[in-house]
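Raw final24.txt, compact mmCIF, C-alpha atoms:
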# COMPACT_ATOMS: atom_id res chain seq x y z
CA MET A 1 15.26 -26.97 -16.49
CA ALA A 2 17.33 -24.56 -18.58
CA TYR A 3 16.15 -21.13 -19.73
CA LEU A 4 17.60 -18.61 -22.16
CA ILE A 5 16.36 -15.06 -21.70
CA LYS A 6 16.93 -13.39 -25.06
CA GLY A 7 17.48 -9.72 -25.74
CA ALA A 8 16.47 -8.20 -22.40
CA HIS A 9 17.85 -4.89 -21.18
CA VAL A 10 19.79 -6.02 -18.11
CA VAL A 11 20.17 -3.53 -15.25
CA ASP A 12 22.47 -4.47 -12.39
CA PRO A 13 24.67 -1.75 -10.89
CA GLN A 14 26.52 -4.39 -8.85
CA VAL A 15 28.28 -5.53 -12.02
CA GLY A 16 28.12 -2.25 -13.92
CA LEU A 17 25.60 -3.63 -16.41
CA ASP A 18 22.97 -1.47 -18.12
CA ASP A 19 22.63 -2.89 -21.63
CA VAL A 20 20.94 -5.56 -23.75
CA ARG A 21 22.15 -9.09 -23.04
CA ASP A 22 21.20 -12.75 -23.32
CA VAL A 23 21.17 -14.67 -20.04
CA LEU A 24 21.43 -18.46 -19.82
CA VAL A 25 20.16 -20.25 -16.72
CA GLU A 26 20.72 -23.91 -15.92
CA GLU A 27 19.38 -25.58 -12.81
CA LYS A 28 19.65 -22.95 -10.05
CA GLN A 29 22.40 -20.78 -11.49
CA ILE A 30 23.17 -18.24 -14.16
CA VAL A 31 25.80 -19.88 -16.34
CA GLU A 32 26.38 -17.21 -18.99
CA VAL A 33 25.66 -13.56 -19.70
CA ALA A 34 26.62 -12.39 -23.19
CA GLU A 35 25.60 -10.17 -26.08
CA SER A 36 24.38 -13.23 -27.96
CA ILE A 37 23.85 -16.83 -26.89
CA GLU A 38 22.55 -19.55 -29.18
CA ALA A 39 19.75 -21.68 -27.78
CA ALA A 40 20.82 -25.29 -27.37
CA GLU A 41 18.46 -28.23 -27.63
CA GLY A 42 16.22 -28.57 -24.59
CA VAL A 43 16.61 -24.94 -23.52
CA GLU A 44 13.37 -22.95 -23.18
CA VAL A 45 13.67 -19.46 -24.66
CA ILE A 46 12.05 -16.50 -22.88
CA ASP A 47 11.63 -13.47 -25.12
CA GLY A 48 13.09 -10.44 -23.33
CA GLU A 49 12.93 -7.95 -26.20
CA GLY A 50 11.68 -4.59 -24.99
CA LYS A 51 11.81 -5.77 -21.38
CA TYR A 52 14.13 -5.16 -18.42
CA LEU A 53 15.86 -7.95 -16.52
CA VAL A 54 16.95 -7.29 -12.94
CA PRO A 55 17.99 -9.33 -9.89
CA GLY A 56 14.89 -10.77 -8.22
CA LEU A 57 12.81 -8.22 -6.33
CA VAL A 58 12.89 -8.37 -2.51
CA ASP A 59 10.23 -7.11 -0.09
CA MET A 60 11.60 -7.05 3.44
CA HIS A 61 8.31 -6.17 5.14
CA VAL A 62 5.22 -8.35 4.57
CA HIS A 63 2.52 -9.96 6.69
CA PHE A 64 1.50 -13.44 5.59
CA ARG A 65 -0.68 -14.01 8.71
CA ASP A 66 0.33 -17.65 8.96
CA PRO A 67 0.02 -19.18 11.55
CA GLY A 68 -3.07 -17.94 13.31
CA PHE A 69 -4.86 -15.71 10.81
CA GLU A 70 -5.05 -17.91 7.73
CA TYR A 71 -8.49 -16.51 6.86
CA LYS A 72 -6.64 -13.32 5.77
CA GLU A 73 -3.59 -14.86 4.07
CA THR A 74 -1.49 -17.99 4.14
CA ILE A 75 2.14 -18.57 3.29
CA ALA A 76 0.93 -20.26 0.10
CA SER A 77 -1.43 -17.45 -0.99
CA GLY A 78 1.04 -14.76 0.06
CA SER A 79 3.72 -16.50 -1.98
CA ARG A 80 1.43 -16.43 -5.03
CA ALA A 81 0.88 -12.71 -4.56
CA ALA A 82 4.62 -12.14 -4.22
CA ALA A 83 5.45 -14.08 -7.37
CA HIS A 84 2.68 -12.27 -9.25
CA GLY A 85 4.22 -8.97 -8.16
CA GLY A 86 7.66 -9.98 -9.43
CA PHE A 87 9.31 -10.90 -6.12
CA THR A 88 11.70 -13.75 -5.41
CA ASP A 89 12.21 -12.99 -1.71
CA VAL A 90 10.03 -11.69 1.11
CA ALA A 91 10.62 -11.18 4.83
CA THR A 92 7.59 -12.00 6.95
CA MET A 93 6.76 -10.07 10.11
CA PRO A 94 6.43 -11.96 13.41
CA ASN A 95 3.02 -10.72 14.65
CA THR A 96 1.39 -14.09 13.98
CA ASP A 97 -0.50 -16.30 16.45
CA PRO A 98 1.50 -17.67 18.10
CA VAL A 99 4.00 -14.87 17.76
CA THR A 100 7.15 -15.89 15.90
CA ASP A 101 9.39 -15.68 18.96
CA ASP A 102 11.25 -19.01 18.93
CA GLY A 103 13.06 -21.24 16.47
CA ALA A 104 10.13 -23.59 15.91
CA GLU A 105 8.01 -20.76 14.50
CA ILE A 106 10.84 -19.69 12.17
CA ARG A 107 11.22 -23.26 10.97
CA TYR A 108 7.45 -23.59 10.44
CA GLN A 109 7.37 -20.63 8.03
CA ILE A 110 10.44 -21.73 6.10
CA ASP A 111 9.04 -25.26 5.71
CA ARG A 112 5.66 -23.95 4.52
CA ALA A 113 7.37 -21.65 2.03
CA ARG A 114 9.44 -24.49 0.63
CA LYS A 115 6.28 -26.51 0.14
CA ALA A 116 4.66 -23.62 -1.74
CA GLY A 117 7.83 -23.30 -3.83
CA LEU A 118 7.20 -19.82 -5.22
CA VAL A 119 9.40 -17.40 -3.25
CA HIS A 120 12.16 -17.48 -0.67
CA VAL A 121 10.49 -16.61 2.64
CA ARG A 122 12.90 -15.00 5.13
CA PRO A 123 11.03 -14.88 8.46
CA MET A 124 11.76 -12.13 10.97
CA GLY A 125 11.71 -13.03 14.63
CA ALA A 126 10.13 -11.03 17.44
CA LEU A 127 12.38 -9.01 19.71
CA THR A 128 10.35 -9.81 22.83
CA ARG A 129 8.24 -12.74 23.97
CA ASP A 130 4.73 -12.49 22.50
CA GLU A 131 5.72 -8.98 21.37
CA LYS A 132 4.75 -7.75 24.82
CA GLY A 133 7.93 -5.73 25.33
CA GLU A 134 8.69 -7.35 28.68
CA SER A 135 11.35 -10.03 28.13
CA LEU A 136 13.69 -11.13 25.36
CA ALA A 137 12.48 -13.59 22.77
CA GLU A 138 14.61 -16.62 21.86
CA ILE A 139 16.93 -14.57 19.64
CA GLY A 140 19.79 -17.09 19.38
CA ASP A 141 17.45 -20.00 18.72
CA MET A 142 15.77 -18.08 15.91
CA VAL A 143 19.10 -17.12 14.34
CA MET A 144 20.04 -20.80 14.29
CA GLU A 145 16.80 -21.62 12.44
CA GLY A 146 17.24 -18.88 9.84
CA ALA A 147 15.69 -15.66 11.17
CA SER A 148 16.61 -12.82 8.82
CA ALA A 149 16.14 -9.90 11.26
CA PHE A 150 14.21 -8.97 14.41
CA SER A 151 11.23 -6.71 15.05
CA ASP A 152 8.19 -6.25 17.26
CA ASP A 153 6.40 -4.79 14.25
CA GLY A 154 2.80 -3.78 14.81
CA HIS A 155 3.39 -1.61 17.83
CA GLY A 156 7.07 -1.49 18.66
CA VAL A 157 8.94 -1.81 21.96
CA GLN A 158 7.61 0.90 24.26
CA SER A 159 10.26 0.66 26.99
CA ALA A 160 13.56 2.33 26.11
CA GLY A 161 15.34 0.06 28.57
CA MET A 162 13.88 -3.06 27.01
CA MET A 163 14.75 -1.84 23.52
CA LYS A 164 18.32 -1.20 24.63
CA THR A 165 18.53 -4.77 25.94
CA CYS A 166 17.12 -6.14 22.68
CA MET A 167 19.54 -4.17 20.54
CA ALA A 168 22.55 -5.08 22.67
CA TYR A 169 21.64 -8.76 22.36
CA VAL A 170 20.82 -8.77 18.64
CA SER A 171 24.10 -6.97 17.88
CA GLN A 172 25.96 -10.18 18.80
CA PHE A 173 24.40 -12.07 15.87
CA ASP A 174 25.03 -9.81 12.86
CA ARG A 175 21.33 -9.11 12.44
CA VAL A 176 19.36 -5.88 12.05
CA VAL A 177 16.72 -4.61 14.47
CA CYS A 178 13.75 -3.34 12.46
CA ALA A 179 11.90 -0.75 14.52
CA HIS A 180 8.22 0.09 14.27
CA CYS A 181 8.46 3.59 15.73
CA GLU A 182 5.36 4.62 17.61
CA VAL A 183 5.03 6.11 21.08
CA GLU A 184 1.63 4.71 21.97
CA SER A 185 1.02 7.22 24.75
CA LEU A 186 1.13 9.92 22.07
CA THR A 187 -0.73 8.13 19.27
CA GLY A 188 -3.48 7.04 21.67
CA ASN A 189 -6.77 6.56 19.88
CA GLY A 190 -5.51 8.16 16.67
CA VAL A 191 -6.87 6.71 13.44
CA ILE A 192 -5.68 9.34 10.95
CA ASN A 193 -2.80 11.80 10.68
CA SER A 194 -3.23 14.84 12.91
CA GLY A 195 -4.01 17.77 10.67
CA ARG A 196 -6.64 19.27 8.43
CA ALA A 197 -8.03 15.93 7.26
CA ALA A 198 -8.58 14.75 10.84
CA THR A 199 -10.35 18.01 11.69
CA ARG A 200 -12.42 17.97 8.49
CA LEU A 201 -13.53 14.37 9.01
CA GLY A 202 -13.96 14.60 12.78
CA MET A 203 -11.58 11.82 13.73
CA PHE A 204 -8.90 11.41 16.41
CA GLY A 205 -5.51 12.51 15.09
CA TRP A 206 -2.24 10.57 15.18
CA PRO A 207 0.63 13.06 15.49
CA ALA A 208 3.79 12.71 13.45
CA PHE A 209 5.71 13.38 16.67
CA GLY A 210 4.56 9.99 17.95
CA GLU A 211 6.69 8.40 15.24
CA GLU A 212 9.56 10.88 15.20
CA LEU A 213 10.25 10.72 18.94
CA GLU A 214 10.79 6.97 18.81
CA ILE A 215 12.97 7.27 15.71
CA TYR A 216 15.16 9.66 17.70
CA ARG A 217 15.17 7.31 20.71
CA ASP A 218 16.12 4.25 18.70
CA ILE A 219 18.88 6.08 16.85
CA GLU A 220 20.40 7.01 20.19
CA LEU A 221 20.10 3.40 21.35
CA SER A 222 21.85 2.28 18.17
CA ARG A 223 24.64 4.68 19.03
CA MET A 224 24.89 3.20 22.55
CA THR A 225 24.77 -0.47 21.56
CA GLY A 226 26.38 -0.47 18.13
CA CYS A 227 23.41 -2.45 16.82
CA ALA A 228 22.33 -2.02 13.20
CA LEU A 229 18.95 -0.23 13.20
CA HIS A 230 16.41 -0.18 10.40
CA ILE A 231 13.42 2.18 10.64
CA CYS A 232 10.27 0.52 9.33
CA HIS A 233 7.75 2.28 7.03
CA ILE A 234 9.03 5.81 7.64
CA SER A 235 6.29 8.35 6.94
CA THR A 236 7.41 11.87 7.90
CA ALA A 237 9.88 14.40 6.53
CA LYS A 238 11.31 15.08 9.99
CA GLY A 239 11.78 11.37 10.66
CA LEU A 240 13.75 11.12 7.44
CA GLU A 241 15.92 14.06 8.47
CA LEU A 242 16.76 12.24 11.71
CA VAL A 243 17.85 9.18 9.70
CA LYS A 244 19.91 11.30 7.32
CA ASP A 245 21.71 12.95 10.25
CA ALA A 246 22.46 9.55 11.76
CA LYS A 247 23.88 8.31 8.47
CA ALA A 248 26.03 11.44 8.17
CA GLU A 249 27.52 10.57 11.58
CA GLY A 250 28.36 7.09 10.34
CA LEU A 251 25.81 5.29 12.52
CA ARG A 252 24.45 1.95 11.30
CA VAL A 253 20.97 3.30 10.57
CA THR A 254 18.80 2.62 7.52
CA CYS A 255 15.14 3.05 6.64
CA GLU A 256 12.39 1.92 4.29
CA VAL A 257 9.29 3.46 2.73
CA THR A 258 6.05 2.05 1.34
CA PRO A 259 4.37 2.99 -1.95
CA HIS A 260 1.31 4.18 -0.06
CA HIS A 261 3.38 6.70 1.90
CA LEU A 262 5.08 7.79 -1.32
CA PHE A 263 2.02 8.20 -3.52
CA LEU A 264 -0.94 8.82 -1.17
CA THR A 265 -1.57 11.47 1.50
CA ASP A 266 -4.19 12.27 4.12
CA GLU A 267 -5.81 14.57 1.55
CA ASP A 268 -6.82 11.44 -0.39
CA ILE A 269 -9.09 10.49 2.51
CA THR A 270 -12.55 11.88 1.81
CA ASP A 271 -15.97 11.71 3.42
CA ALA A 272 -16.37 8.40 1.58
CA TYR A 273 -14.26 6.99 4.46
CA ASP A 274 -12.47 4.40 2.31
CA THR A 275 -10.96 2.24 5.03
CA ASN A 276 -8.38 0.84 2.61
CA LEU A 277 -6.63 4.17 3.26
CA LYS A 278 -6.39 3.55 7.01
CA MET A 279 -2.72 2.79 7.71
CA ASN A 280 -0.24 2.36 10.53
CA PRO A 281 1.55 4.75 10.41
CA PRO A 282 -1.16 6.88 8.82
CA LEU A 283 -0.98 8.62 5.47
CA ARG A 284 0.74 11.95 6.13
CA LYS A 285 0.74 15.43 4.58
CA PRO A 286 1.62 16.07 0.92
CA SER A 287 4.86 17.72 2.05
CA ASP A 288 5.85 14.50 3.85
CA ALA A 289 5.15 12.40 0.75
CA GLU A 290 7.18 14.78 -1.38
CA ALA A 291 10.14 14.54 1.04
CA LEU A 292 9.92 10.74 0.97
CA ARG A 293 9.85 10.66 -2.82
CA GLN A 294 12.95 12.83 -2.88
CA GLY A 295 14.55 10.55 -0.30
CA ILE A 296 14.02 7.41 -2.34
CA ILE A 297 15.45 9.13 -5.41
CA ASP A 298 18.54 10.67 -3.76
CA GLY A 299 19.55 7.62 -1.72
CA SER A 300 18.46 8.80 1.74
CA ILE A 301 15.93 5.97 1.94
CA ASP A 302 17.37 2.49 1.49
CA CYS A 303 14.44 0.28 0.52
CA VAL A 304 10.94 0.20 -0.89
CA VAL A 305 8.71 -2.25 1.00
CA THR A 306 4.98 -2.91 0.87
CA ASP A 307 4.01 -3.64 4.49
CA HIS A 308 1.62 -6.06 2.74
CA ALA A 309 -1.22 -6.25 5.28
CA PRO A 310 -4.10 -8.50 4.15
CA HIS A 311 -7.44 -8.30 5.96
CA ALA A 312 -10.78 -10.02 5.48
CA LYS A 313 -13.62 -8.03 3.94
CA HIS A 314 -15.52 -7.64 7.22
CA GLU A 315 -12.43 -6.14 8.88
CA LYS A 316 -12.38 -3.29 6.37
CA ASP A 317 -16.04 -2.96 5.40
CA CYS A 318 -17.03 -1.18 8.59
CA GLU A 319 -16.73 2.16 10.39
CA TRP A 320 -13.33 3.86 10.02
CA GLU A 321 -12.67 3.90 13.77
CA ILE A 322 -12.91 0.12 14.14
CA ALA A 323 -11.51 -0.92 10.75
CA PHE A 324 -8.16 -2.71 10.78
CA PHE A 325 -5.02 -0.85 9.70
CA GLY A 326 -3.22 -1.63 6.45
CA THR A 327 -3.31 -2.36 2.75
CA ILE A 328 -2.09 -5.20 0.56
CA GLY A 329 0.78 -4.18 -1.68
CA LEU A 330 2.88 -6.96 -3.18
CA GLU A 331 1.13 -6.91 -6.55
CA THR A 332 1.09 -3.13 -7.03
CA SER A 333 4.48 -2.08 -5.63
CA LEU A 334 6.51 -2.44 -8.83
CA PRO A 335 3.82 -0.94 -11.12
CA LEU A 336 3.47 2.04 -8.78
CA MET A 337 7.20 2.69 -8.72
CA LEU A 338 7.41 2.41 -12.50
CA THR A 339 4.34 4.51 -13.22
CA ASN A 340 5.12 7.32 -10.79
CA LEU A 341 8.91 7.52 -10.72
CA VAL A 342 10.87 5.43 -13.22
CA LEU A 343 8.91 5.81 -16.46
CA PRO A 344 8.47 9.60 -16.05
CA GLY A 345 12.27 9.83 -15.70
CA LYS A 346 12.32 10.97 -12.07
CA MET A 347 14.26 7.89 -10.94
CA SER A 348 16.70 5.65 -12.80
CA TRP A 349 16.32 1.93 -13.36
CA SER A 350 19.60 1.44 -11.49
CA ARG A 351 18.21 3.20 -8.45
CA LEU A 352 15.08 1.05 -8.64
CA VAL A 353 17.28 -2.04 -8.56
CA GLU A 354 19.14 -0.70 -5.54
CA VAL A 355 16.01 -0.09 -3.45
CA MET A 356 14.00 -3.14 -4.53
CA CYS A 357 16.70 -5.76 -5.06
CA ILE A 358 20.18 -5.01 -3.71
CA ASN A 359 19.72 -3.10 -0.44
CA PRO A 360 17.01 -5.29 1.10
CA ARG A 361 19.09 -8.42 0.44
CA HIS A 362 22.01 -6.83 2.25
CA LEU A 363 19.88 -5.81 5.23
CA LEU A 364 18.41 -9.32 5.49
CA ARG A 365 21.94 -10.76 5.39
CA CYS A 366 21.17 -12.76 2.25
CA ASN A 367 23.80 -13.67 -0.31
CA PRO A 368 23.97 -11.09 -3.12
CA VAL A 369 22.22 -11.94 -6.37
CA LYS A 370 23.90 -10.55 -9.48
CA VAL A 371 23.25 -10.89 -13.19
CA GLU A 372 26.51 -12.69 -13.81
CA ALA A 373 27.74 -16.24 -14.27
CA GLY A 374 27.84 -18.20 -11.03
CA SER A 375 25.10 -16.26 -9.25
CA GLN A 376 21.90 -17.90 -8.08
CA ALA A 377 19.20 -17.46 -10.72
CA ASP A 378 16.76 -15.22 -8.86
CA LEU A 379 15.60 -12.94 -11.67
CA THR A 380 12.69 -10.65 -12.52
CA LEU A 381 11.74 -9.74 -16.10
CA ILE A 382 9.73 -6.52 -16.42
CA ASP A 383 7.61 -5.20 -19.28
CA PRO A 384 7.56 -1.40 -18.89
CA LYS A 385 4.75 -1.03 -21.43
CA ARG A 386 2.24 -3.58 -20.17
CA GLU A 387 -0.70 -1.83 -18.50
CA ILE A 388 -2.96 -3.03 -15.72
CA ASP A 389 -6.17 -1.93 -14.08
CA VAL A 390 -6.09 -2.47 -10.33
CA THR A 391 -9.24 -4.46 -9.59
CA GLU A 392 -10.03 -7.15 -7.06
CA ASP A 393 -9.82 -9.74 -9.83
CA TYR A 394 -6.20 -8.77 -10.48
CA PHE A 395 -4.98 -9.96 -7.09
CA GLN A 396 -3.63 -13.40 -6.21
CA SER A 397 -3.62 -12.42 -2.54
CA LYS A 398 -6.37 -13.99 -0.44
CA SER A 399 -7.44 -10.49 0.65
CA LYS A 400 -8.36 -7.58 -1.63
CA ASN A 401 -7.92 -4.53 0.63
CA SER A 402 -5.81 -2.41 -1.71
CA ALA A 403 -5.47 1.34 -1.29
CA PHE A 404 -4.92 1.58 -5.05
CA LEU A 405 -8.12 -0.06 -6.32
CA GLY A 406 -9.32 1.69 -9.44
CA GLN A 407 -5.92 2.95 -10.56
CA HIS A 408 -4.51 2.37 -14.04
CA LEU A 409 -0.79 1.54 -13.90
CA CYS A 410 1.93 0.89 -16.45
CA GLY A 411 4.80 -1.56 -16.08
CA VAL A 412 4.65 -5.03 -14.52
CA ALA A 413 6.72 -8.15 -13.97
CA THR A 414 6.00 -10.75 -16.63
CA ASP A 415 8.41 -13.54 -15.67
CA VAL A 416 10.22 -14.61 -12.51
CA LEU A 417 12.87 -17.23 -11.92
CA MET A 418 13.33 -18.27 -8.29
CA ALA A 419 16.49 -20.37 -7.86
CA GLY A 420 16.16 -21.25 -11.53
CA LYS A 421 12.51 -22.29 -11.22
CA ARG A 422 10.02 -20.33 -13.32
CA THR A 423 7.36 -19.09 -10.90
CA LEU A 424 5.82 -16.44 -13.16
CA ALA A 425 5.35 -16.96 -16.90
CA ASP A 426 3.98 -14.10 -19.00
CA GLY A 427 2.20 -12.68 -15.96
CA VAL A 428 0.70 -15.97 -14.80
CA VAL A 429 1.82 -17.63 -11.57
CA VAL A 430 3.19 -21.11 -12.21
CA ALA A 431 1.94 -23.38 -9.43

Here is a file; write its structure as structure tokens.
Amino acid sequence: MAYLIKGAHVVDPQVGLDDVRDVLVEEKQIVEVAESIEAAEGVEVIDGEGKYLVPGLVDMHVHFRDPGFEYKETIASGSRAAAHGGFTDVATMPNTDPVTDDGAEIRYQIDRARKAGLVHVRPMGALTRDEKGESLAEIGDMVMEGASAFSDDGHGVQSAGMMKTCMAYVSQFDRVVCAHCEVESLTGNGVINSGRAATRLGMFGWPAFGEELEIYRDIELSRMTGCALHICHISTAKGLELVKDAKAEGLRVTCEVTPHHLFLTDEDITDAYDTNLKMNPPLRKPSDAEALRQGIIDGSIDCVVTDHAPHAKHEKDCEWEIAFFGTIGLETSLPLMLTNLVLPGKMSWSRLVEVMCINPRHLLRCNPVKVEAGSQADLTLIDPKREIDVTEDYFQSKSKNSAFLGQHLCGVATDVLMAGKRTLADGVVVA
């Protein structure tokens, strides 16, 4: 199928493009980018007037729960949510059942994703067997099958010696170690950020130091091993300062942030005990959120991710202390970034493309996608004026546990091409 996207404002800092262009796609590739292209017979025209066209969005931190927890999400339903949110690529975390710790599990996810045919799924492999932190997972086998990176996300590797071994081994394969930084002996029974909100609501606190100490540890291990280190879902101002210092030294250290850590804080948690606000790591202080917003604007933070964490209704509709951690996020990430940062003029469109398209592809060791002839046609078309109300009915995800239910947002993806295949058409997922 051939598509001609007419009159869209193309933003791609990789090729120095920030202007209105026509883009012609044939089969899986972009074949022409020009100020004006005439539509040939058999070419479907997509109206891009008033819209922005960018390289396909990438989320390098999602949980699709498949295999093992398909009642929450499947690769098929997660792919629908991703396409609906404007994404062409996602990296799935390995805390499945069985844990994704060998090549067969990587291959399973890639095969399921191809069958769904909506997004490129880039599975991450576990660092240790069963994510127990005791022995190395089958790193080489997983690389051979297409693992994009490695992580024990969900709790992290508690032993410094084991983490050093993991990083030394992964460094041989040109892959990134993605670290969930949490010292469990410090976080203990914590279910909310330590601070005024925890005291006010009478709940066990989760100190920021429990995250920051492990960020410091893993940066030092990166220095020792030379392994590329990526800090997952950073949530504190001090943690970000540690990353900035490491970058200033020239260490191979990067980090990511979620929309919920950018735009929500522990002060949003009230005596209504909305468990959709229970996160790992927890929502932090307003000063932390402000530091993170500044970090995503100034380039200190490399990527925006969702940590898309679907849960069944009964796992959230219960007491705060026993509710599961996490929120879904694939379908609200782009609207939140547009509504809160880009459209108010706090962040440029080019910077948005860097943190949601370019940088995550690089970290996942994917081929670059550029809005130029010869590039693979992974593209996202965005209407900055289209408004949405975040309701359960809006979501394509199998689960509805969104921290942003009830919000009114402006700016959404309307069309997506994934390897030249139209997976989203005027806001509707194309099965």

Inset, instruction - Would you list the contacts of stretch 131-138 of chain A as number ranges by chain, taking every protein, DNA or RNA residue within 6 Å and counting all atoms listed in the file, but skipping same-chain residues closer than 2 positions in sequence? - result: A: 101-102, 127-129, 140-141, 152, 157

Legend entry - Counting all atoms listed in the file, the residue of A:Ser350, A:Thr225, A:Val183, A:Met418 that sits nearest A:Ser375: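 Among the listed residues, the smallest separation from A:Ser375 belongs to A:Met418.
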
Legend entry - Among the residues A:Leu330, A:Leu240, A:Val90, A:Val305, the one that comes closest to A:Phe404 [using only C-alpha atoms]: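 For A:Phe404, the nearest of the given residues is A:Leu330.
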
Do you know which residues are at most 8 Å from stretch 306-309 of chain A counting all atoms listed in the file, after dropping those on the same chain fewer than 3 positions away, and could you put them as a short mmCIF file (atom, residue, chain, number, x, y, z; two decimals) with C-alpha atoms, in the coordinates of the input?
data_model
loop_
_atom_site.label_atom_id
_atom_site.label_comp_id
_atom_site.auth_asym_id
_atom_site.auth_seq_id
_atom_site.Cartn_x
_atom_site.Cartn_y
_atom_site.Cartn_z
CA ASP A 59 10.23 -7.11 -0.09
CA HIS A 61 8.31 -6.17 5.14
CA VAL A 62 5.22 -8.35 4.57
CA HIS A 63 2.52 -9.96 6.69
CA PHE A 64 1.50 -13.44 5.59
CA HIS A 233 7.75 2.28 7.03
CA VAL A 257 9.29 3.46 2.73
CA THR A 258 6.05 2.05 1.34
CA PRO A 259 4.37 2.99 -1.95
CA PHE A 325 -5.02 -0.85 9.70
CA GLY A 326 -3.22 -1.63 6.45
CA THR A 327 -3.31 -2.36 2.75
CA ILE A 328 -2.09 -5.20 0.56
CA GLY A 329 0.78 -4.18 -1.68
CA LEU A 330 2.88 -6.96 -3.18
CA SER A 333 4.48 -2.08 -5.63
#

Legend entry - Among the residues A:Ala425, A:Ala198, A:Val25, A:Ala312, the one that comes closest to A:Glu73 [using all atoms listed in the file]: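 Using all atoms listed in the file, A:Glu73 sits closest to A:Ala312.
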
Inset, instruction - Considering all atoms listed in the file, return as a ChimeraX atom specification whatever protein or nucleic-acid residues lie within 12 Å of A:Lys244, sequence-local ones (same chain, fewer than 3 positions apart) excluded. - result: /A:215-216,219,231,237-241,247-255,292,295-296,298-302

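Of the listed residues A:His314, A:His408, A:Lys285, A:Lys398, the one whose atoms come nearest to A:Ser79 is A:Lys398, with distances taken using all atoms listed in the file.
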
Inset, instruction - Please identify all polymer residues within 12 Å of A:Phe324, counting only C-alpha atoms, omitting same-chain residues fewer than 5 positions from it, and present them as a ChimeraX atom specification. - result: /A:72,154,191,274-280,309-319,401

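Proximity of A:Ser36, A:Ser194, A:Gln172, A:Ser235 to A:Leu264, computed with all atoms listed in the file, is greatest for A:Ser235.
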
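Closest to A:Phe69 among A:Pro360, A:Pro13, A:Gly210, A:Pro98 is A:Pro98, based on all atoms listed in the file.
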
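The gap separating atom CA of A:Gly56 from atom CA of A:Cys357 is 6.2 Å, in Å to one decimal.
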
A:Cys227: which residues within 6 Å, counting only C-alpha atoms, same-chain residues fewer than 2 positions away excluded, as a CSV table (one decimal) with C-alpha atoms, in the frame of the given file?
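Output saved as out-v3.csv:
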chain,number,residue,atom,x,y,z
A,167,MET,CA,19.5,-4.2,20.5
A,171,SER,CA,24.1,-7.0,17.9
A,222,SER,CA,21.8,2.3,18.2
A,225,THR,CA,24.8,-0.5,21.6

Inset, instruction - Please indicate the distance in Å from atom CA of A:Cys410 to atom CA of A:His260, rounded to one decimal place. - result: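 According to the coordinates, atom CA of A:Cys410 and atom CA of A:His260 are separated by 16.7 Å.
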
Inset, instruction - To one decimal in Å, tell me the separation between atom CA of A:Arg65 and atom CA of A:Asp174. - result: 26.4 Å
